[in-house]
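Enquirer: Got a structure for you, questions after.
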Amino acid sequence: MGPIPDSLGSLNQLVFLGLNNNRFTGPIPPSIGNLNNLSWLDLSDNQLSGPIPVSNPTAPGLDNLVTTKHFHLSNNQLSGSIRSQLFNSNMSLIHFIANNNQLSGLIPASIGSVQTLEVIRLDSNWLTGDVPQKLTELKSVNELHLSNNNLNWTYSRSLRNELTLLRGHEQ
């Protein structure tokens with residue numbers, strides 16, 4: 001129980017960080033964004049809270065982890081919006097898993113710039129608004145979980161035809 005130590009961000013050679021299924025509380029330390037060699041980040045099944053950190057002039061964020069293939073952040077108490085800055089076309093991310101949190105607001109269209117994504121899990125959050133049309137540009141996605149939010153499919157007809165959607169009990 002307690003926070004994830006900020007000092008983890010100084011382990012420059014770290015490739016795998018699995019802190020899942022513990023009782024960590026508090027925010028995700030922005031210093032994790034310093035782990036440039038990280039391939040796998042699993043912080044799921046804790047009691048982490050606050051926003052997903054992105055870079056700003058005084059601190060790094062998860063958007064710096066362009067070589068990381070896995071962001072597993074599910075089953076926490078993460079809140080706030082998913083900032084568009086979190087995603088960019090230089091990333092090699094294949095899993096973005098942040099289900100069962102308290103994330104709110106829109107799904108950022110910038111998620112569509114990460115062409116390597118295969119699995120997106122944002123189910124069981126407080127997300128609202130339209131599903132971004134940019135998701136149709138993700139040709140590698142084979143799982144998209146968006147159930148149990150308050151999303152609109154107004155602009156997403158082609159998305160329905162191109163991706164396997166797992167909504168509610170449909171599987």
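Ordering of the structure tokens sets the chain letters (A, B, ...), residue numbers begin anew at 1 in every chain, and ligands are numbered from 1 in the order given.
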If we count only C-alpha atoms and set the cut-off at 8 Å, which residues sit around segment 30-46 of chain A, ignoring sequence neighbours fewer than 5 positions away in its own chain? Please answer as a ChimeraX atom specification.
Expert: /A:6-25,53-55,59-76
Enquirer: Hey, what's within 8 Å of Asp123 of chain A if we count only C-alpha atoms and toss same-chain stuff fewer than 2 positions away? As a VMD selection string, please?
Expert: chain A and resid 98 to 100 121 125 145 to 149
Enquirer: For the residues in that selection, give me all heavy atoms as an mmCIF file, in the first residue's frame.
Expert:
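Listed below is the output, out_28.cif:
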data_model
loop_
_atom_site.group_PDB
_atom_site.id
_atom_site.type_symbol
_atom_site.label_atom_id
_atom_site.label_comp_id
_atom_site.auth_asym_id
_atom_site.auth_seq_id
_atom_site.Cartn_x
_atom_site.Cartn_y
_atom_site.Cartn_z
ATOM 1 N N ALA A 98 -7.078 0.464 -20.603
ATOM 2 C CA ALA A 98 -7.390 1.366 -19.490
ATOM 3 C C ALA A 98 -8.852 1.221 -19.084
ATOM 4 O O ALA A 98 -9.508 2.189 -18.723
ATOM 5 C CB ALA A 98 -7.065 2.802 -19.878
ATOM 6 N N ASN A 99 -9.366 -0.005 -19.139
ATOM 7 C CA ASN A 99 -10.755 -0.235 -18.762
ATOM 8 C C ASN A 99 -10.917 -0.225 -17.240
ATOM 9 O O ASN A 99 -9.950 -0.322 -16.499
ATOM 10 C CB ASN A 99 -11.252 -1.563 -19.354
ATOM 11 C CG ASN A 99 -10.418 -2.747 -18.926
ATOM 12 O OD1 ASN A 99 -9.209 -2.779 -19.171
ATOM 13 N ND2 ASN A 99 -11.038 -3.725 -18.305
ATOM 14 N N ASN A 100 -12.174 -0.090 -16.818
ATOM 15 C CA ASN A 100 -12.523 -0.104 -15.389
ATOM 16 C C ASN A 100 -11.766 0.953 -14.594
ATOM 17 O O ASN A 100 -11.086 0.658 -13.616
ATOM 18 C CB ASN A 100 -12.302 -1.503 -14.781
ATOM 19 C CG ASN A 100 -13.260 -2.515 -15.343
ATOM 20 O OD1 ASN A 100 -14.452 -2.256 -15.480
ATOM 21 N ND2 ASN A 100 -12.747 -3.677 -15.707
ATOM 22 N N ARG A 121 -8.777 -1.060 -25.015
ATOM 23 C CA ARG A 121 -9.807 -1.342 -24.009
ATOM 24 C C ARG A 121 -10.054 -0.079 -23.213
ATOM 25 O O ARG A 121 -9.217 0.353 -22.431
ATOM 26 C CB ARG A 121 -9.372 -2.466 -23.080
ATOM 27 C CG ARG A 121 -9.339 -3.795 -23.801
ATOM 28 C CD ARG A 121 -9.716 -4.958 -22.976
ATOM 29 N NE ARG A 121 -10.998 -4.828 -22.298
ATOM 30 C CZ ARG A 121 -11.440 -5.720 -21.420
ATOM 31 N NH1 ARG A 121 -10.714 -6.767 -21.123
ATOM 32 N NH2 ARG A 121 -12.606 -5.549 -20.839
ATOM 33 N N ASN A 125 -15.710 3.047 -18.296
ATOM 34 C CA ASN A 125 -15.216 4.346 -17.843
ATOM 35 C C ASN A 125 -16.385 5.314 -17.898
ATOM 36 O O ASN A 125 -17.536 4.891 -17.968
ATOM 37 C CB ASN A 125 -14.060 4.816 -18.731
ATOM 38 C CG ASN A 125 -12.740 4.197 -18.333
ATOM 39 O OD1 ASN A 125 -12.185 4.518 -17.296
ATOM 40 N ND2 ASN A 125 -12.239 3.291 -19.164
ATOM 41 N N HIS A 145 -12.798 -2.441 -27.257
ATOM 42 C CA HIS A 145 -13.784 -2.553 -26.180
ATOM 43 C C HIS A 145 -14.154 -1.140 -25.732
ATOM 44 O O HIS A 145 -13.318 -0.443 -25.159
ATOM 45 C CB HIS A 145 -13.209 -3.314 -24.994
ATOM 46 C CG HIS A 145 -12.765 -4.714 -25.297
ATOM 47 N ND1 HIS A 145 -13.505 -5.803 -24.950
ATOM 48 C CD2 HIS A 145 -11.651 -5.181 -25.910
ATOM 49 C CE1 HIS A 145 -12.866 -6.909 -25.320
ATOM 50 N NE2 HIS A 145 -11.738 -6.548 -25.910
ATOM 51 N N LEU A 146 -15.391 -0.746 -25.983
ATOM 52 C CA LEU A 146 -15.853 0.588 -25.606
ATOM 53 C C LEU A 146 -17.157 0.546 -24.813
ATOM 54 O O LEU A 146 -17.772 1.580 -24.579
ATOM 55 C CB LEU A 146 -16.059 1.447 -26.861
ATOM 56 C CG LEU A 146 -14.819 1.703 -27.721
ATOM 57 C CD1 LEU A 146 -15.198 2.470 -28.979
ATOM 58 C CD2 LEU A 146 -13.743 2.424 -26.936
ATOM 59 N N SER A 147 -17.594 -0.635 -24.408
ATOM 60 C CA SER A 147 -18.882 -0.769 -23.719
ATOM 61 C C SER A 147 -18.869 -0.063 -22.362
ATOM 62 O O SER A 147 -17.820 0.264 -21.817
ATOM 63 C CB SER A 147 -19.223 -2.248 -23.544
ATOM 64 O OG SER A 147 -18.240 -2.890 -22.759
ATOM 65 N N ASN A 148 -20.070 0.178 -21.849
ATOM 66 C CA ASN A 148 -20.266 0.774 -20.524
ATOM 67 C C ASN A 148 -19.625 2.155 -20.392
ATOM 68 O O ASN A 148 -18.914 2.436 -19.437
ATOM 69 C CB ASN A 148 -19.774 -0.178 -19.426
ATOM 70 C CG ASN A 148 -20.554 -1.476 -19.421
ATOM 71 O OD1 ASN A 148 -21.773 -1.477 -19.470
ATOM 72 N ND2 ASN A 148 -19.841 -2.595 -19.407
ATOM 73 N N ASN A 149 -19.877 2.974 -21.390
ATOM 74 C CA ASN A 149 -19.540 4.388 -21.403
ATOM 75 C C ASN A 149 -20.789 5.108 -21.890
ATOM 76 O O ASN A 149 -21.860 4.509 -21.968
ATOM 77 C CB ASN A 149 -18.357 4.652 -22.342
ATOM 78 C CG ASN A 149 -17.033 4.243 -21.746
ATOM 79 O OD1 ASN A 149 -16.551 4.849 -20.801
ATOM 80 N ND2 ASN A 149 -16.429 3.188 -22.295
#
Enquirer: What residues in segment 12-69 of chain A get the DSSP label strand (DSSP E or B)? Please answer as a PyMOL selection string.
Expert: chain A and resi 16-18+24-26+40-42+47-50+56+59
Enquirer: Could you work out how far atom CA of Lys134 of chain A lies from atom CA of Ser81 of chain A, giving the answer in Å with one decimal?
Expert: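 Atom CA of Lys134 of chain A lies 17.9 Å from atom CA of Ser81 of chain A.
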Enquirer: Between atom CA of Gln77 of chain A and atom CA of Ser49 of chain A, what distance in Å does the model show, to one decimal?
Expert: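 Atom CA of Gln77 of chain A sits 4.7 Å away from atom CA of Ser49 of chain A.
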Enquirer: From the set A:Gly2, A:Pro29, A:Gly80, A:Pro57, which residue has the shortest atom-to-atom contact distance to Gln102 of chain A, counting only C-alpha atoms?
Expert: A:Gly80
Enquirer: Which residue out of A:Ile107, A:Leu86, A:Asn152, A:Val114 has the minimum interatomic distance to Lys139 of chain A when only C-alpha atoms are used?
Expert: A:Val114
Enquirer: Quick one: residues within 12 Å of Leu106 of chain A, only C-alpha atoms, excluding same-chain residues fewer than 5 positions away - as a ChimeraX atom specification?
Expert: /A:80-84,111,122,125-132,146,149-152
Enquirer: Put those residues in a file: all heavy atoms, as a short mmCIF file (atom, residue, chain, number, x, y, z; two decimals), in the first residue's frame.
Expert:
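See selection-v4.cif below for the written result:
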data_model
loop_
_atom_site.label_atom_id
_atom_site.label_comp_id
_atom_site.auth_asym_id
_atom_site.auth_seq_id
_atom_site.Cartn_x
_atom_site.Cartn_y
_atom_site.Cartn_z
N GLY A 80 -10.20 11.87 -15.01
CA GLY A 80 -9.89 12.97 -15.90
C GLY A 80 -9.94 12.52 -17.34
O GLY A 80 -10.25 11.36 -17.65
N SER A 81 -9.61 13.42 -18.22
CA SER A 81 -9.67 13.10 -19.65
C SER A 81 -8.40 12.39 -20.11
O SER A 81 -7.36 12.49 -19.48
CB SER A 81 -9.88 14.38 -20.47
OG SER A 81 -8.77 15.24 -20.30
N ILE A 82 -8.55 11.67 -21.21
CA ILE A 82 -7.38 11.08 -21.87
C ILE A 82 -6.86 12.17 -22.80
O ILE A 82 -7.51 12.52 -23.78
CB ILE A 82 -7.76 9.82 -22.68
CG1 ILE A 82 -8.42 8.79 -21.77
CG2 ILE A 82 -6.53 9.24 -23.37
CD1 ILE A 82 -9.05 7.63 -22.52
N ARG A 83 -5.73 12.72 -22.48
CA ARG A 83 -5.20 13.86 -23.22
C ARG A 83 -4.76 13.43 -24.61
O ARG A 83 -4.16 12.38 -24.80
CB ARG A 83 -4.03 14.47 -22.46
CG ARG A 83 -4.34 14.87 -21.01
CD ARG A 83 -4.81 16.28 -20.86
NE ARG A 83 -3.95 17.26 -21.44
CZ ARG A 83 -2.89 17.79 -20.85
NH1 ARG A 83 -2.54 17.42 -19.64
NH2 ARG A 83 -2.16 18.69 -21.48
N SER A 84 -5.05 14.24 -25.61
CA SER A 84 -4.67 13.93 -26.99
C SER A 84 -3.15 13.80 -27.13
O SER A 84 -2.66 13.05 -27.97
CB SER A 84 -5.20 14.98 -27.95
OG SER A 84 -4.65 16.24 -27.65
N ILE A 111 -5.55 9.03 -30.97
CA ILE A 111 -5.35 7.58 -30.83
C ILE A 111 -5.28 6.93 -32.21
O ILE A 111 -4.60 5.92 -32.40
CB ILE A 111 -6.44 6.94 -29.94
CG1 ILE A 111 -5.99 5.56 -29.45
CG2 ILE A 111 -7.78 6.88 -30.65
CD1 ILE A 111 -6.88 4.98 -28.37
N LEU A 122 -11.20 0.51 -23.46
CA LEU A 122 -11.64 1.69 -22.72
C LEU A 122 -13.02 1.47 -22.11
O LEU A 122 -13.69 2.43 -21.74
CB LEU A 122 -11.65 2.91 -23.65
CG LEU A 122 -10.27 3.40 -24.09
CD1 LEU A 122 -10.39 4.46 -25.17
CD2 LEU A 122 -9.49 3.91 -22.89
N ASN A 125 -15.71 3.05 -18.30
CA ASN A 125 -15.22 4.35 -17.84
C ASN A 125 -16.39 5.31 -17.90
O ASN A 125 -17.54 4.89 -17.97
CB ASN A 125 -14.06 4.82 -18.73
CG ASN A 125 -12.74 4.20 -18.33
OD1 ASN A 125 -12.19 4.52 -17.30
ND2 ASN A 125 -12.24 3.29 -19.16
N TRP A 126 -16.12 6.59 -17.91
CA TRP A 126 -17.16 7.61 -17.99
C TRP A 126 -16.98 8.45 -19.26
O TRP A 126 -17.22 9.64 -19.28
CB TRP A 126 -17.12 8.52 -16.76
CG TRP A 126 -17.33 7.82 -15.45
CD1 TRP A 126 -17.86 6.57 -15.26
CD2 TRP A 126 -17.00 8.31 -14.16
NE1 TRP A 126 -17.87 6.27 -13.92
CE2 TRP A 126 -17.36 7.33 -13.22
CE3 TRP A 126 -16.44 9.50 -13.70
CZ2 TRP A 126 -17.19 7.50 -11.85
CZ3 TRP A 126 -16.27 9.67 -12.33
CH2 TRP A 126 -16.64 8.67 -11.43
N LEU A 127 -16.55 7.79 -20.33
CA LEU A 127 -16.27 8.50 -21.58
C LEU A 127 -17.57 8.92 -22.27
O LEU A 127 -18.58 8.21 -22.20
CB LEU A 127 -15.43 7.61 -22.50
CG LEU A 127 -14.07 7.23 -21.92
CD1 LEU A 127 -13.42 6.15 -22.75
CD2 LEU A 127 -13.17 8.45 -21.80
N THR A 128 -17.52 10.07 -22.95
CA THR A 128 -18.70 10.63 -23.61
C THR A 128 -18.32 11.10 -25.01
O THR A 128 -17.15 11.14 -25.38
CB THR A 128 -19.25 11.83 -22.82
OG1 THR A 128 -18.22 12.82 -22.71
CG2 THR A 128 -19.73 11.42 -21.44
N GLY A 129 -19.33 11.47 -25.78
CA GLY A 129 -19.10 12.05 -27.09
C GLY A 129 -19.05 11.02 -28.20
O GLY A 129 -19.37 9.85 -28.01
N ASP A 130 -18.63 11.48 -29.36
CA ASP A 130 -18.56 10.62 -30.54
C ASP A 130 -17.30 9.76 -30.52
O ASP A 130 -16.24 10.21 -30.11
CB ASP A 130 -18.54 11.47 -31.82
CG ASP A 130 -19.86 12.16 -32.06
OD1 ASP A 130 -20.90 11.59 -31.70
OD2 ASP A 130 -19.84 13.28 -32.62
N VAL A 131 -17.45 8.54 -31.01
CA VAL A 131 -16.29 7.68 -31.22
C VAL A 131 -15.51 8.31 -32.38
O VAL A 131 -16.08 8.58 -33.43
CB VAL A 131 -16.73 6.23 -31.57
CG1 VAL A 131 -15.53 5.38 -31.92
CG2 VAL A 131 -17.51 5.63 -30.40
N PRO A 132 -14.22 8.58 -32.21
CA PRO A 132 -13.46 9.28 -33.26
C PRO A 132 -13.41 8.50 -34.58
O PRO A 132 -13.15 7.31 -34.60
CB PRO A 132 -12.06 9.39 -32.68
CG PRO A 132 -12.17 9.12 -31.25
CD PRO A 132 -13.39 8.28 -31.05
N LEU A 146 -15.39 -0.75 -25.98
CA LEU A 146 -15.85 0.59 -25.61
C LEU A 146 -17.16 0.55 -24.81
O LEU A 146 -17.77 1.58 -24.58
CB LEU A 146 -16.06 1.45 -26.86
CG LEU A 146 -14.82 1.70 -27.72
CD1 LEU A 146 -15.20 2.47 -28.98
CD2 LEU A 146 -13.74 2.42 -26.94
N ASN A 149 -19.88 2.97 -21.39
CA ASN A 149 -19.54 4.39 -21.40
C ASN A 149 -20.79 5.11 -21.89
O ASN A 149 -21.86 4.51 -21.97
CB ASN A 149 -18.36 4.65 -22.34
CG ASN A 149 -17.03 4.24 -21.75
OD1 ASN A 149 -16.55 4.85 -20.80
ND2 ASN A 149 -16.43 3.19 -22.29
N ASN A 150 -20.67 6.34 -22.26
CA ASN A 150 -21.80 7.09 -22.81
C ASN A 150 -21.37 7.69 -24.16
O ASN A 150 -21.33 8.89 -24.34
CB ASN A 150 -22.25 8.18 -21.84
CG ASN A 150 -23.58 8.77 -22.22
OD1 ASN A 150 -24.36 8.16 -22.95
ND2 ASN A 150 -23.85 9.97 -21.75
N LEU A 151 -21.03 6.79 -25.08
CA LEU A 151 -20.47 7.19 -26.38
C LEU A 151 -21.53 7.19 -27.47
O LEU A 151 -22.50 6.43 -27.40
CB LEU A 151 -19.34 6.24 -26.77
CG LEU A 151 -18.12 6.25 -25.83
CD1 LEU A 151 -17.21 5.09 -26.12
CD2 LEU A 151 -17.38 7.57 -25.95
N ASN A 152 -21.32 8.01 -28.48
CA ASN A 152 -22.18 8.07 -29.66
C ASN A 152 -21.46 7.44 -30.84
O ASN A 152 -20.26 7.58 -30.99
CB ASN A 152 -22.51 9.53 -30.02
CG ASN A 152 -23.23 10.24 -28.90
OD1 ASN A 152 -24.10 9.69 -28.27
ND2 ASN A 152 -22.81 11.47 -28.65
#
Enquirer: For Ser92 of chain A, which residue out of A:Ser110, A:Asn56, A:Thr116, A:Thr136 is the nearest one, using only C-alpha atoms?
Expert: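 Between A:Ser110, A:Asn56, A:Thr116, A:Thr136, the residue approaching Ser92 of chain A most closely is A:Thr116.
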Enquirer: Using the chain letters and numbers from this document, which residues of segment 82-131 of chain A does DSSP assign to helix (DSSP H, G or I), as a ChimeraX atom specification?
Expert: /A:84-86,109-113
Enquirer: Between atom CA of Ser79 of chain A and atom CA of Ser140 of chain A, what is the distance in Å, rounded to a tenth?
Expert: 27.5 Å
